[in-house]
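In what follows, a structure is listed as structure tokens, so that the remarks can point back to it.
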Amino acid sequence: MTRTQGFLRFLWDFVIGDDWRIALAVTSALLLTLVLSNNGATSWWLLPLVVAATLSASVWGAGRKQT
Amino acid sequence: MTGTQIGLVASVFIACTVEAIEALTIVLAVGTTRSWRSAMIGVGVALAVLAVVTAALGPALTALPINVLRAVIGGLLLTFGLQWLRKAILRASGLKALHDEAAAFAKETELAQAAGILDAGFDGYSFLVSFKGVLLEGLEVVFIALTFGSNQKDVPLAAAAALAAVLAVACAGFALKAPLARVPENTLKFVVGVMLTSFGLFWGGEGVHADWPGGDTALLVLIPAVALFAIGMSAGMRRRLGDPDRLRGAVGV
């Protein structure tokens with residue numbers, strides 16, 4: 001593994017971690033919240049909802065693989 | 001000191017304690033088995049690199065517009081927090097082996113002894129392993145202190161909490177000359193996951209113009225709510241999976 005590859009691997013592990021879907025869900029939820037906020041809608045509820053759903057799905061998926 | 005400042009200090013201190021324990025375990029393993037002098041040079045060089053990185057990143061972060069900073073940092077904290085919580089829940093439910101500093105110390109010691117016979121002078125292996133361990137864990141400490149500090153507009157307080165955590169762990173570790181196996185690291189990681197997720201939710205939401213009910217006091221609801229949700233998930237997974245020993249360490253995460 002070259003130094004560049006090693007650094008990219010470190011960055012991926014550091015920022016994205018074990019489940020890339022978590023980073024994708026967080027980014028999407030932030031963007032959607034911004035759209036809702038800028039259109040005058042109440043938007044605070046979206047992030048907690050996405051967090052609960054994403055964490056449940058990620059943990060549940062890891063458990064399902066083993067059962 | 002206000003409630004927000006106490007929350008800032010507690011969050012940074014606990015998170016940095018976890019990172020410092022991981023770095024200390026590596027340094028102690030190579031120092032004890034190979035060369036203290038070379039290991040400590042590795043620690044010194046890594047700290048110098050960290051100082052340069054901090055000096056470069058600090059002003060850049062504080063110069064950004066506050067909402068952009070909150071959205072980006074909140075998103076990153078939320079991602080980290082959810083990853084930590086995921087691992088903590090998997091460990092608590094028996095799907096992932098508990099992180100054991102004593103085992104990590106034994107593994108590093110074995111690797112150090114297998115790396116070859118020592119010369120009397122400078123030991124490159126001890127230097128590199130210490131340097132890498134302190135630099136990587138130190139980057140996480142710097143990141144935590146800068147992001148929490150920038151968001152609360154109190155970088156000096158966050159930096160002081162981070163420094164206190166590192167010094168406390170270093171003093172305890174070198175006094176004992178052993179890995180801090182008695183520190184309940186998995187419990188600390190669970191707490192850090194809850195704090196990172198809660199602060200990430202709050203700051204990320206504020207960064208994208210979400211108005212939290214109750215303003216800043218929403219954080220006092222978010223932290224226990226996230227903790228209860230994670231504890232509930234751990235309990236639910238344990239009940240669903242039944243015998244944890246059958247599955248322990250089975251998930252490669």
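Here's how to read the names in the structure tokens: chain A, B, ... by the order shown, residue numbers from 1 in each chain, ligand numbers from 1 in the order shown.
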Can you list every residue in stretch 18-243 of chain B that DSSP puts in helix (DSSP H, G or I), as a PyMOL selection string? chain B and resi 18-33+36-63+66-92+101-114+124-151+155-176+185-207+215-241
Pick out the residues sitting within 10 Å of A:Thr33, and hand them over as a compact mmCIF listing (two decimals) with N, CA and C atoms, in the first residue's frame; count only C-alpha atoms, and ignore anything fewer than 4 positions along from it in its own chain.
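The resulting file, around-v7.txt, is shown below:
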```
# COMPACT_ATOMS: atom_id res chain seq x y z
N THR A 27 -25.68 13.25 5.80
CA THR A 27 -25.53 14.31 4.79
C THR A 27 -26.89 14.62 4.15
N SER A 28 -27.63 13.57 3.77
CA SER A 28 -28.93 13.77 3.12
C SER A 28 -29.90 14.48 4.06
N ALA A 29 -29.89 14.07 5.35
CA ALA A 29 -30.81 14.68 6.32
C ALA A 29 -30.48 16.15 6.53
N SER A 37 -36.06 24.25 6.00
CA SER A 37 -35.90 25.51 6.75
C SER A 37 -36.01 26.71 5.83
N ASN A 38 -35.35 26.63 4.67
CA ASN A 38 -35.35 27.77 3.75
C ASN A 38 -36.73 28.01 3.12
N ASN A 39 -37.60 27.00 3.20
CA ASN A 39 -38.96 27.17 2.66
C ASN A 39 -39.97 27.48 3.77
N ALA A 41 -40.65 25.89 6.53
CA ALA A 41 -41.30 24.78 7.24
C ALA A 41 -40.58 24.49 8.56
N THR A 42 -41.30 23.87 9.50
CA THR A 42 -40.66 23.42 10.75
C THR A 42 -39.80 22.20 10.41
N SER A 43 -38.51 22.27 10.78
CA SER A 43 -37.60 21.24 10.26
C SER A 43 -36.79 20.52 11.34
N TRP A 44 -36.91 20.95 12.60
CA TRP A 44 -36.01 20.40 13.64
C TRP A 44 -36.22 18.90 13.86
N TRP A 45 -37.41 18.38 13.57
CA TRP A 45 -37.74 16.99 13.86
C TRP A 45 -37.04 16.00 12.93
N LEU A 46 -36.60 16.50 11.75
CA LEU A 46 -36.10 15.57 10.73
C LEU A 46 -34.79 14.87 11.15
N LEU A 47 -33.83 15.65 11.68
CA LEU A 47 -32.54 15.05 12.04
C LEU A 47 -32.68 13.95 13.11
N GLY B 204 -25.55 20.56 14.08
CA GLY B 204 -25.89 20.31 12.68
C GLY B 204 -27.23 20.94 12.36
N GLY B 205 -28.22 20.76 13.24
CA GLY B 205 -29.54 21.35 13.04
C GLY B 205 -29.48 22.87 12.98
N GLU B 206 -28.73 23.46 13.93
CA GLU B 206 -28.61 24.92 13.94
C GLU B 206 -27.93 25.43 12.67
N GLY B 207 -26.93 24.65 12.20
CA GLY B 207 -26.19 25.06 11.00
C GLY B 207 -27.06 25.10 9.76
N VAL B 208 -28.10 24.25 9.71
CA VAL B 208 -29.01 24.26 8.54
C VAL B 208 -30.34 24.94 8.89
N HIS B 209 -30.26 25.86 9.85
CA HIS B 209 -31.36 26.78 10.20
C HIS B 209 -32.59 26.11 10.81
N ALA B 210 -32.41 24.96 11.44
CA ALA B 210 -33.55 24.36 12.16
C ALA B 210 -33.66 25.06 13.52
```
Got a sec to pull out which chain B residues are within 9 Å of chain A, counting only C-alpha atoms, and send them as a PyMOL selection string? chain B and resi 71+75-76+78-80+82-83+85-87+89-90+95+140+197+201+204-213+222+226+229-230+233+237+241+247+250-251+253
Quick one: residues within 10 Å of stretch 125-139 of chain B, only C-alpha atoms, excluding same-chain residues fewer than 3 positions away - as a count of residues only? 50
